[in-house]
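A.B. asks: I'd like to ask some things about the structure below.
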Amino acid sequence: MTSITAATPAPPRARKLTGAGRRQWIGLLYVAPAVALVVVFFLIPLGMTAWMSLHNWPLMGERSYIGLGNYVAILHDTRFWNALRFTGWYTLVVTIAIFAVAFPLALFVERPRPLTNLYRTMFFMPAVVGFASASLLWSWLLNVDSGLFSPAAYDLGLIDRKFNLLATFQPAFWSIIAMVVWKVAGFTMIILMAGLQSIPQDLQEAAVIDGAGPFARFRAITLPLMRRTLALALILSVAGSILAFDQFYIILRGGPRNQTLTAVYWIFNQSFVSFKLGYGAALSMVLLVILVALSLVQLWLLRKPEGLD
Amino acid sequence: MRNLIAKLALAAAVLGGGISAAAAETANIWVRADGSNFMPRIVDAYNKAHTNQIKLDIIPNAEIIPKYGAAAAGGTAPDALSLDLIYTPSFAAAGQLEDITDWAKSLPYFSSLSPAHVKTGTYKDHIYGLPFSADASVLIWNKKLFKQAGLDPEKGPTNWAEIAADAEKVNALGGNIKGFYFSGNCGGCNIFTFTPLIWASGGDILSEDGSKATLDSPQLRGAIDLYRSMVKKDLVPAGAQTDTGANFFAAFAAGNIGISPSGAFAIGALNTQYPDVDYGVTFLPGKDSGWSSFAGGDNFVVTKGTPKLAVVKEFLDFAYSLEGQTILAKYGSLPVRGDIAKEALKDLDPRYQIAAEAMAKGRTPYSVVFNDLINSANGPWTQMINEVFFGDDVDGAIANAQETMQSIIDQAPQK
């Protein structure tokens with residue numbers, strides 16, 4: 001008995017292993033193109049950036065190895081830290097604003113009702129416009145002499161003197177927030193809507209039978225079951241906002257008076273206005289570390305609670 | 001198969017050899033988009049008259065510097081480049097340019113080449129760039145609006161008080177007519193048109209060698225007060241405060257602005273694109289009298305180690321001939337050879353003569369960090385002009401800019 005059991009399972013097990021091994025190799029072959037893309041367009045450039053960040057690397061002329069010199073310089077670069085502080089403030093405000101608009105929209109378009117598809121399309125439309133084109137459009141809308149908002153308010157008699165929205169910090173900042181919400185809320189809405197639709201209807205019905213009101217159902221069923229969707233939408237929004245550049249570059253040029261310089265804008269300036277590629281690379285590495293850390297914190301905060309599938 | 005490849009290789013070798021023996025060499029030259037009007041014309045004229053050929057690439061203004069840097073790093077830089085003259089010191093400092101001192105000094109007309117170009121083309125007593133195209137800042141006024149406002153349409157302002165008074169009278173016409181325009185958030189525009197007001201009054205913003213920022217001067221303060229007073233009296237459209245240069249020319253061309261500081265380029269552009277606008281050209285005046293101008297334009301620089309040096313020199317020689325200078329003048333650049341400037345301009349709009357005179361006496365600040373100091377949209381100069389023209393704390397803004405500019409100068413790589 002023992003000899004048989006010892007003898008018979010052995011050969012098939014060996015065959016099975018070679019089969020699994022072969023399948024693994026085939027699997028690797030299938031993902032090879034994707035891996036190659038990641039290596040060529042992500043890992044190698046990332047490595048080069050790290051390598052550049054250890055050099056004094058001007059756009060033209062001789063480069064020289066300076067070890068951690070760039071990183072030491074970053075510690076004293078108050079304008080970078082100011083830009084980072086502004087980026088943080090912008091990220092906080094814009095993320096709250098996007099969710100404040102996108103969540104009600106998602107609840108509104110989630111259930112089928114007349115014209116739902118029309119609404120969904122309407123709200124989603126701005127998301128398909130590129131950030132640069134959207135910025136150019138709003139740059140015109142916000143123009144004080146030839147744009148829409150200020151001249152229209154003036155012609156309607158709402159204000160007695162044309163008001164330049166982009167000339168001072170607060171109106172300029174909130175104009176950008178409005179533009180980004182207009183542009184991004186539709187996309188967040190679609191993500192949240194997908195999350196809402198994945199919640200089984202019977203759970204809601206059971207809660208209704210138990211006598212739960214709409215607010216209680218939202219808090220105790222909808223929100224917990226949307227945890228993963230929320231995490232996705234939040235990480236996309238935060239990462240996108242921390243990397244914000246186009247709208248501030250195109251509409252405001254970092255103004256008024258350099259008060260809206262974001263971290264990426266500062267990296268761009270150092271690299272391509274001041275031609276300090278090495279320093280720009282070091283700044284990029286710092287920003288990368290910050291972004292990865294923030295994403296990990298968000299994933300941890302929105303992790304699955306123990307025991308919940 | 002191998003046989004076929006060998007044959008092909010042989011054929012290619014024969015063809016290639018034949019071409020290089022019969023025809024001459026082709027040099028590649030880049031120019032920024034500002035030169036897209038005159039550069040193709042002069043290259044065509046050269047190519048028709050010579051066996052050596054020039055291949056021209058036109059690059060967008062904002063991209064030519066990073067693109068050239070990347071090309072130089074990759075070994076594909078053009079043989080020569082028509083470069084915004086203010087960049088010549090920093091390119092030379094980076095060791096990117098061919099030293100052409102001996103050749104430049106051997107030119108019989110070397111001493112009559114635009115002095116502002118030669119000054120910026122010189123780095124540590126060696127010449128790396130020679131003048132190619134030129135643009136000088138001037139003041140332009142709308143004759144039609146002057147007439148409507150009861151002013152003499154043939155007489156432009158000759159000092160600051162007259163600028164303010166004339167602008168106010170034109171502004172009084174009302175409607176969407178405004179007295180004065182400037183791009184209030186554009187460093188490049190204002191170094192070109194605002195600093196001449198200071199120079200003409202005896203002040204400066206940088207020391208002669210570019211090693212000291214000298215913003216704390218009564219002349220700068222006075223010129224600021226002129227602009228501030230006009231902003232305060234509402235003589236300037238509200239959009240000026242946030243104009244990063246997009247309306248620098250367009251605002252005046254629309255025909256609703258009385259006076260605007262501008263450049264020689266505007267003469268060609270107005271004549272061809274806005275023939276209905278009747279305008280006059282005069283110098284940018286000093287506080288009480290005198291005048292000055294920013295001498296801008298491109299320097300011609302040669303990439304270090306290019307094998308096509310002979311072709312490039314032949315092309316520049318042609319550009320300096322009367323024929324070359326006339327082509328340049330006809331299509332939007334001022335002549336850069338003082339000795340034949342009058343002759344090159346003689347059949348053109350007489351208003352060019354004013355600009356040419358402004359060019360001859362024009363000045364150009366010298367700095368290896370000009371871009372960081374002045375042109376950058378986020379640099380200290382741009383920030384300061386916006387604060388002092390429209391903000392509340394003039395003294396604080398000047399002090400802040402002075403400090404930032406000096407620290408940028410001090411941190412620049414010393415080679």
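Simple scheme: letters A, B, ... for chains in structure tokens order, numbers from 1 for residues in each chain, numbers from 1 for ligands in the order shown.
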Going by DSSP on the backbone, which residues of region 142-200 of chain B come out as strand (DSSP E or B)? List them as a list in words.

C.D. replies: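 After running DSSP on the backbone, region 142-200 of chain B has strand (DSSP E or B) at Asn142, Lys178, Gly179 and Phe180 of chain B.
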
A.B. asks: Take the residues from that selection and write them out as a PDB file, in the first residue's frame, keeping C-alpha atoms.

C.D. replies:
```pdb
ATOM      1  CA  ASN B 142      -1.889 106.355 -33.196  1.00  0.00           C
ATOM      2  CA  LYS B 178      -7.504 103.890 -23.980  1.00  0.00           C
ATOM      3  CA  GLY B 179      -4.518 106.181 -23.699  1.00  0.00           C
ATOM      4  CA  PHE B 180      -1.625 103.828 -23.121  1.00  0.00           C
TER       5      PHE B 180
END
```

A.B. asks: Given only C-alpha atoms, how would the per-residue table for chain B near chain A read, listing every residue at most 10 Å away with its closest atom pair and distance in Å to one decimal, sorted by chain and number, as JSON lines?

C.D. replies:
```
{"residue": "B:Ala62", "atom": "CA", "partner": "A:Val273", "partner_atom": "CA", "distance": 9.7}
{"residue": "B:Glu63", "atom": "CA", "partner": "A:Phe272", "partner_atom": "CA", "distance": 9.4}
{"residue": "B:Ile65", "atom": "CA", "partner": "A:Phe272", "partner_atom": "CA", "distance": 8.6}
{"residue": "B:Pro66", "atom": "CA", "partner": "A:Phe272", "partner_atom": "CA", "distance": 6.5}
{"residue": "B:Lys67", "atom": "CA", "partner": "A:Leu59", "partner_atom": "CA", "distance": 9.5}
{"residue": "B:Tyr68", "atom": "CA", "partner": "A:Met60", "partner_atom": "CA", "distance": 8.6}
{"residue": "B:Gly69", "atom": "CA", "partner": "A:Met60", "partner_atom": "CA", "distance": 5.2}
{"residue": "B:Ala70", "atom": "CA", "partner": "A:Leu59", "partner_atom": "CA", "distance": 6.9}
{"residue": "B:Ala71", "atom": "CA", "partner": "A:Met60", "partner_atom": "CA", "distance": 9.5}
{"residue": "B:Ala72", "atom": "CA", "partner": "A:Met60", "partner_atom": "CA", "distance": 7.2}
{"residue": "B:Ala73", "atom": "CA", "partner": "A:Met60", "partner_atom": "CA", "distance": 6.9}
{"residue": "B:Ser90", "atom": "CA", "partner": "A:Met60", "partner_atom": "CA", "distance": 9.5}
{"residue": "B:Phe91", "atom": "CA", "partner": "A:Met60", "partner_atom": "CA", "distance": 7.7}
{"residue": "B:Ala92", "atom": "CA", "partner": "A:Gly61", "partner_atom": "CA", "distance": 9.6}
{"residue": "B:Ala93", "atom": "CA", "partner": "A:Gly61", "partner_atom": "CA", "distance": 8.5}
{"residue": "B:Ala94", "atom": "CA", "partner": "A:Gly61", "partner_atom": "CA", "distance": 4.7}
{"residue": "B:Gly95", "atom": "CA", "partner": "A:Gly61", "partner_atom": "CA", "distance": 5.9}
{"residue": "B:Gln96", "atom": "CA", "partner": "A:Gly61", "partner_atom": "CA", "distance": 6.4}
{"residue": "B:Asn176", "atom": "CA", "partner": "A:Asp145", "partner_atom": "CA", "distance": 9.9}
{"residue": "B:Asn185", "atom": "CA", "partner": "A:Gly255", "partner_atom": "CA", "distance": 8.7}
{"residue": "B:Pro237", "atom": "CA", "partner": "A:Asp145", "partner_atom": "CA", "distance": 7.6}
{"residue": "B:Ala238", "atom": "CA", "partner": "A:Asn164", "partner_atom": "CA", "distance": 6.5}
{"residue": "B:Gly239", "atom": "CA", "partner": "A:Val144", "partner_atom": "CA", "distance": 5.6}
{"residue": "B:Ala240", "atom": "CA", "partner": "A:Asp145", "partner_atom": "CA", "distance": 9.2}
{"residue": "B:Gln241", "atom": "CA", "partner": "A:Ala167", "partner_atom": "CA", "distance": 6.5}
{"residue": "B:Thr242", "atom": "CA", "partner": "A:Ala167", "partner_atom": "CA", "distance": 6.1}
{"residue": "B:Asp243", "atom": "CA", "partner": "A:Asn143", "partner_atom": "CA", "distance": 9.5}
{"residue": "B:Thr244", "atom": "CA", "partner": "A:Arg253", "partner_atom": "CA", "distance": 7.9}
{"residue": "B:Val369", "atom": "CA", "partner": "A:Ser274", "partner_atom": "CA", "distance": 8.2}
{"residue": "B:Phe370", "atom": "CA", "partner": "A:Ser274", "partner_atom": "CA", "distance": 9.8}
{"residue": "B:Asn371", "atom": "CA", "partner": "A:Val273", "partner_atom": "CA", "distance": 7.0}
{"residue": "B:Asp372", "atom": "CA", "partner": "A:Ser274", "partner_atom": "CA", "distance": 6.0}
{"residue": "B:Leu373", "atom": "CA", "partner": "A:Ser274", "partner_atom": "CA", "distance": 9.8}
{"residue": "B:Asn375", "atom": "CA", "partner": "A:Val273", "partner_atom": "CA", "distance": 9.1}
{"residue": "B:Ser376", "atom": "CA", "partner": "A:Val273", "partner_atom": "CA", "distance": 6.8}
{"residue": "B:Ala377", "atom": "CA", "partner": "A:Arg253", "partner_atom": "CA", "distance": 6.5}
{"residue": "B:Asn378", "atom": "CA", "partner": "A:Asn258", "partner_atom": "CA", "distance": 6.0}
{"residue": "B:Gly379", "atom": "CA", "partner": "A:Asn258", "partner_atom": "CA", "distance": 8.6}
{"residue": "B:Pro380", "atom": "CA", "partner": "A:Arg257", "partner_atom": "CA", "distance": 9.4}
{"residue": "B:Thr382", "atom": "CA", "partner": "A:Arg257", "partner_atom": "CA", "distance": 8.2}
{"residue": "B:Gln383", "atom": "CA", "partner": "A:Arg257", "partner_atom": "CA", "distance": 5.2}
{"residue": "B:Met384", "atom": "CA", "partner": "A:Arg257", "partner_atom": "CA", "distance": 8.1}
{"residue": "B:Ile385", "atom": "CA", "partner": "A:Arg257", "partner_atom": "CA", "distance": 9.6}
{"residue": "B:Asn386", "atom": "CA", "partner": "A:Arg257", "partner_atom": "CA", "distance": 7.1}
{"residue": "B:Glu387", "atom": "CA", "partner": "A:Arg257", "partner_atom": "CA", "distance": 7.1}
{"residue": "B:Phe390", "atom": "CA", "partner": "A:Ala167", "partner_atom": "CA", "distance": 9.1}
{"residue": "B:Gly391", "atom": "CA", "partner": "A:Thr168", "partner_atom": "CA", "distance": 9.6}
```

A.B. asks: Go ahead and save the residues from that selection, with C-alpha atoms, as an mmCIF file, in the first residue's frame.

C.D. replies:
```cif
data_model
loop_
_atom_site.group_PDB
_atom_site.id
_atom_site.type_symbol
_atom_site.label_atom_id
_atom_site.label_comp_id
_atom_site.auth_asym_id
_atom_site.auth_seq_id
_atom_site.Cartn_x
_atom_site.Cartn_y
_atom_site.Cartn_z
ATOM 1 C CA ALA B 62 10.303 79.030 -26.576
ATOM 2 C CA GLU B 63 11.785 75.736 -27.702
ATOM 3 C CA ILE B 65 17.110 76.871 -26.381
ATOM 4 C CA PRO B 66 16.194 73.490 -24.840
ATOM 5 C CA LYS B 67 16.087 71.883 -28.293
ATOM 6 C CA TYR B 68 19.541 73.161 -29.148
ATOM 7 C CA GLY B 69 20.843 72.002 -25.776
ATOM 8 C CA ALA B 70 19.451 68.522 -26.294
ATOM 9 C CA ALA B 71 20.761 68.377 -29.872
ATOM 10 C CA ALA B 72 24.210 69.513 -28.764
ATOM 11 C CA ALA B 73 24.276 66.819 -26.076
ATOM 12 C CA SER B 90 25.495 82.019 -21.357
ATOM 13 C CA PHE B 91 26.013 79.809 -24.430
ATOM 14 C CA ALA B 92 29.621 80.948 -24.668
ATOM 15 C CA ALA B 93 30.094 80.356 -20.936
ATOM 16 C CA ALA B 94 28.806 76.793 -21.384
ATOM 17 C CA GLY B 95 31.611 76.138 -23.865
ATOM 18 C CA GLN B 96 29.164 75.429 -26.659
ATOM 19 C CA ASN B 176 -13.181 101.483 -25.583
ATOM 20 C CA ASN B 185 3.196 90.822 -16.633
ATOM 21 C CA PRO B 237 -6.829 98.655 -20.163
ATOM 22 C CA ALA B 238 -7.438 96.326 -17.211
ATOM 23 C CA GLY B 239 -6.010 93.389 -19.158
ATOM 24 C CA ALA B 240 -2.527 94.926 -19.087
ATOM 25 C CA GLN B 241 -2.074 93.744 -15.521
ATOM 26 C CA THR B 242 -2.102 90.082 -16.525
ATOM 27 C CA ASP B 243 -0.756 90.321 -20.079
ATOM 28 C CA THR B 244 2.234 87.987 -20.323
ATOM 29 C CA VAL B 369 21.892 84.595 -16.312
ATOM 30 C CA PHE B 370 19.657 86.934 -18.327
ATOM 31 C CA ASN B 371 16.925 84.348 -18.669
ATOM 32 C CA ASP B 372 16.717 83.719 -14.910
ATOM 33 C CA LEU B 373 16.847 87.422 -14.066
ATOM 34 C CA ASN B 375 12.858 86.800 -19.221
ATOM 35 C CA SER B 376 11.581 84.036 -16.958
ATOM 36 C CA ALA B 377 7.875 84.527 -16.253
ATOM 37 C CA ASN B 378 8.653 83.694 -12.624
ATOM 38 C CA GLY B 379 11.903 85.599 -12.322
ATOM 39 C CA PRO B 380 12.518 88.607 -10.068
ATOM 40 C CA THR B 382 8.820 90.033 -14.049
ATOM 41 C CA GLN B 383 7.537 89.785 -10.498
ATOM 42 C CA MET B 384 8.806 93.256 -9.669
ATOM 43 C CA ILE B 385 7.355 95.075 -12.652
ATOM 44 C CA ASN B 386 3.941 93.606 -11.953
ATOM 45 C CA GLU B 387 4.101 94.564 -8.276
ATOM 46 C CA PHE B 390 -0.133 97.594 -9.953
ATOM 47 C CA GLY B 391 0.634 96.718 -6.328
#
```

A.B. asks: Suppose you want the space between CA of Ala185 (chain A) and CA of Leu118 (chain A); what is it in Å?

C.D. replies: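 CA of Leu118 (chain A) lies at a distance of 16.1 Å from CA of Ala185 (chain A).
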
A.B. asks: Check the DSSP output for the backbone and give back, as a tab-separated table (two decimals) with N, CA, C and O atoms, in the first residue's frame, the residues of region 201-239 of chain B in alpha helix (DSSP H).

C.D. replies:
```
chain	number	residue	atom	x	y	z
B	218	PRO	N	16.84	106.48	-8.40
B	218	PRO	CA	15.73	107.43	-8.57
B	218	PRO	C	15.14	107.36	-9.98
B	218	PRO	O	13.94	107.61	-10.16
B	219	GLN	N	15.97	106.99	-10.99
B	219	GLN	CA	15.45	106.92	-12.36
B	219	GLN	C	14.42	105.80	-12.50
B	219	GLN	O	13.38	105.97	-13.13
B	220	LEU	N	14.73	104.63	-11.90
B	220	LEU	CA	13.77	103.52	-11.95
B	220	LEU	C	12.50	103.93	-11.23
B	220	LEU	O	11.38	103.74	-11.72
B	221	ARG	N	12.68	104.53	-10.07
B	221	ARG	CA	11.54	104.95	-9.26
B	221	ARG	C	10.65	105.94	-10.05
B	221	ARG	O	9.44	105.83	-10.06
B	222	GLY	N	11.32	106.87	-10.76
B	222	GLY	CA	10.58	107.86	-11.54
B	222	GLY	C	9.78	107.22	-12.67
B	222	GLY	O	8.61	107.55	-12.89
B	223	ALA	N	10.43	106.29	-13.38
B	223	ALA	CA	9.74	105.63	-14.50
B	223	ALA	C	8.55	104.81	-13.98
B	223	ALA	O	7.50	104.76	-14.62
B	224	ILE	N	8.74	104.20	-12.80
B	224	ILE	CA	7.64	103.45	-12.20
B	224	ILE	C	6.47	104.38	-11.90
B	224	ILE	O	5.31	104.07	-12.19
B	225	ASP	N	6.81	105.56	-11.34
B	225	ASP	CA	5.74	106.52	-11.00
B	225	ASP	C	4.96	106.95	-12.24
B	225	ASP	O	3.75	107.16	-12.18
B	226	LEU	N	5.67	107.10	-13.37
B	226	LEU	CA	4.98	107.45	-14.62
B	226	LEU	C	3.93	106.39	-14.96
B	226	LEU	O	2.77	106.71	-15.22
B	227	TYR	N	4.34	105.12	-14.95
B	227	TYR	CA	3.41	104.05	-15.29
B	227	TYR	C	2.29	103.95	-14.26
B	227	TYR	O	1.13	103.76	-14.59
B	228	ARG	N	2.67	104.05	-12.98
B	228	ARG	CA	1.66	103.94	-11.92
B	228	ARG	C	0.59	105.02	-12.04
B	228	ARG	O	-0.59	104.76	-11.86
B	229	SER	N	1.05	106.24	-12.35
B	229	SER	CA	0.09	107.34	-12.44
B	229	SER	C	-0.90	107.08	-13.58
B	229	SER	O	-2.09	107.36	-13.46
B	230	MET	N	-0.40	106.50	-14.67
B	230	MET	CA	-1.30	106.23	-15.80
B	230	MET	C	-2.27	105.10	-15.47
B	230	MET	O	-3.43	105.12	-15.86
B	231	VAL	N	-1.78	104.10	-14.72
B	231	VAL	CA	-2.66	103.00	-14.31
B	231	VAL	C	-3.74	103.54	-13.37
B	231	VAL	O	-4.92	103.22	-13.49
B	232	LYS	N	-3.31	104.43	-12.46
B	232	LYS	CA	-4.22	104.97	-11.47
B	232	LYS	C	-5.32	105.80	-12.13
B	232	LYS	O	-6.48	105.78	-11.71
```

A.B. asks: Write out as a list in words which residues come within 7 Å of region 89-100 of chain A when counting only C-alpha atoms, dropping same-chain ones fewer than 3 positions away.

C.D. replies: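 Listed by chain and then number, they are Arg85, Phe86, Phe103, Ile177, Val181, Ala185, Ser237, Val238, Ser241 and Ile242 of chain A.
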
A.B. asks: Counting only C-alpha atoms, what is within 12 Å of Ile74 (chain A), bar same-chain residues fewer than 4 positions away, as a list in words?

C.D. replies: Ser53, Leu68, Gly69, Asn70, Thr78, Arg79, Phe80, Trp81, Asn82, Leu84, Trp266, Ile267, Gln270, Gly278, Tyr279, Gly280, Ala281, Ala282, Leu283, Ser284, Met285, Val286 and Leu287 of chain A

A.B. asks: Write to file, as an mmCIF file, in the first residue's frame, the residues of the selection just made, with N, CA, C and O atoms.

C.D. replies:
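In the end it all went to out_17.cif:
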```
data_model
loop_
_atom_site.group_PDB
_atom_site.id
_atom_site.type_symbol
_atom_site.label_atom_id
_atom_site.label_comp_id
_atom_site.auth_asym_id
_atom_site.auth_seq_id
_atom_site.Cartn_x
_atom_site.Cartn_y
_atom_site.Cartn_z
ATOM 1 N N SER A 53 20.278 63.080 -10.908
ATOM 2 C CA SER A 53 20.101 63.901 -9.717
ATOM 3 C C SER A 53 21.378 63.951 -8.885
ATOM 4 O O SER A 53 21.498 64.756 -7.978
ATOM 5 N N LEU A 68 25.452 64.010 -3.311
ATOM 6 C CA LEU A 68 24.137 64.428 -2.824
ATOM 7 C C LEU A 68 23.998 65.952 -2.803
ATOM 8 O O LEU A 68 23.085 66.487 -2.166
ATOM 9 N N GLY A 69 24.887 66.639 -3.507
ATOM 10 C CA GLY A 69 24.893 68.111 -3.487
ATOM 11 C C GLY A 69 23.547 68.719 -3.822
ATOM 12 O O GLY A 69 23.109 69.677 -3.175
ATOM 13 N N ASN A 70 22.871 68.161 -4.856
ATOM 14 C CA ASN A 70 21.571 68.707 -5.249
ATOM 15 C C ASN A 70 20.560 68.572 -4.121
ATOM 16 O O ASN A 70 19.756 69.466 -3.888
ATOM 17 N N THR A 78 14.036 77.598 -0.439
ATOM 18 C CA THR A 78 12.757 78.003 0.158
ATOM 19 C C THR A 78 11.663 78.110 -0.892
ATOM 20 O O THR A 78 10.494 77.845 -0.605
ATOM 21 N N ARG A 79 12.011 78.493 -2.119
ATOM 22 C CA ARG A 79 10.963 78.661 -3.132
ATOM 23 C C ARG A 79 10.354 77.321 -3.506
ATOM 24 O O ARG A 79 9.177 77.247 -3.845
ATOM 25 N N PHE A 80 11.155 76.238 -3.448
ATOM 26 C CA PHE A 80 10.590 74.909 -3.706
ATOM 27 C C PHE A 80 9.627 74.520 -2.589
ATOM 28 O O PHE A 80 8.527 74.019 -2.845
ATOM 29 N N TRP A 81 10.013 74.771 -1.352
ATOM 30 C CA TRP A 81 9.143 74.394 -0.232
ATOM 31 C C TRP A 81 7.878 75.227 -0.232
ATOM 32 O O TRP A 81 6.807 74.737 0.099
ATOM 33 N N ASN A 82 8.016 76.506 -0.631
ATOM 34 C CA ASN A 82 6.806 77.333 -0.776
ATOM 35 C C ASN A 82 5.890 76.755 -1.854
ATOM 36 O O ASN A 82 4.668 76.697 -1.685
ATOM 37 N N LEU A 84 5.756 73.714 -2.783
ATOM 38 C CA LEU A 84 5.194 72.462 -2.281
ATOM 39 C C LEU A 84 4.031 72.750 -1.329
ATOM 40 O O LEU A 84 3.010 72.055 -1.350
ATOM 41 N N TRP A 266 7.844 74.400 -10.542
ATOM 42 C CA TRP A 266 9.183 74.785 -10.082
ATOM 43 C C TRP A 266 10.238 73.860 -10.690
ATOM 44 O O TRP A 266 11.304 74.296 -11.106
ATOM 45 N N ILE A 267 9.911 72.562 -10.778
ATOM 46 C CA ILE A 267 10.840 71.610 -11.401
ATOM 47 C C ILE A 267 11.055 71.977 -12.868
ATOM 48 O O ILE A 267 12.180 72.005 -13.366
ATOM 49 N N GLN A 270 13.300 75.078 -13.063
ATOM 50 C CA GLN A 270 14.704 74.788 -12.782
ATOM 51 C C GLN A 270 15.345 74.049 -13.951
ATOM 52 O O GLN A 270 16.487 74.307 -14.304
ATOM 53 N N GLY A 278 20.120 68.501 -13.630
ATOM 54 C CA GLY A 278 20.443 67.655 -12.486
ATOM 55 C C GLY A 278 19.616 68.034 -11.268
ATOM 56 O O GLY A 278 19.060 67.175 -10.577
ATOM 57 N N TYR A 279 19.522 69.335 -11.043
ATOM 58 C CA TYR A 279 18.749 69.810 -9.900
ATOM 59 C C TYR A 279 17.269 69.492 -10.091
ATOM 60 O O TYR A 279 16.597 69.062 -9.142
ATOM 61 N N GLY A 280 16.790 69.670 -11.323
ATOM 62 C CA GLY A 280 15.397 69.330 -11.617
ATOM 63 C C GLY A 280 15.135 67.851 -11.358
ATOM 64 O O GLY A 280 14.094 67.470 -10.824
ATOM 65 N N ALA A 281 16.102 67.005 -11.707
ATOM 66 C CA ALA A 281 15.947 65.567 -11.483
ATOM 67 C C ALA A 281 15.875 65.269 -9.988
ATOM 68 O O ALA A 281 15.068 64.440 -9.548
ATOM 69 N N ALA A 282 16.704 65.951 -9.204
ATOM 70 C CA ALA A 282 16.687 65.732 -7.757
ATOM 71 C C ALA A 282 15.338 66.152 -7.174
ATOM 72 O O ALA A 282 14.760 65.452 -6.342
ATOM 73 N N LEU A 283 14.824 67.303 -7.641
ATOM 74 C CA LEU A 283 13.513 67.750 -7.178
ATOM 75 C C LEU A 283 12.441 66.719 -7.539
ATOM 76 O O LEU A 283 11.542 66.425 -6.742
ATOM 77 N N SER A 284 12.559 66.149 -8.743
ATOM 78 C CA SER A 284 11.582 65.146 -9.175
ATOM 79 C C SER A 284 11.620 63.930 -8.265
ATOM 80 O O SER A 284 10.576 63.349 -7.935
ATOM 81 N N MET A 285 12.821 63.517 -7.858
ATOM 82 C CA MET A 285 12.930 62.354 -6.986
ATOM 83 C C MET A 285 12.260 62.643 -5.636
ATOM 84 O O MET A 285 11.558 61.797 -5.086
ATOM 85 N N VAL A 286 12.481 63.861 -5.121
ATOM 86 C CA VAL A 286 11.861 64.229 -3.853
ATOM 87 C C VAL A 286 10.340 64.187 -3.988
ATOM 88 O O VAL A 286 9.633 63.629 -3.132
ATOM 89 N N LEU A 287 9.838 64.744 -5.088
ATOM 90 C CA LEU A 287 8.391 64.761 -5.295
ATOM 91 C C LEU A 287 7.843 63.331 -5.428
ATOM 92 O O LEU A 287 6.770 63.015 -4.908
#
```
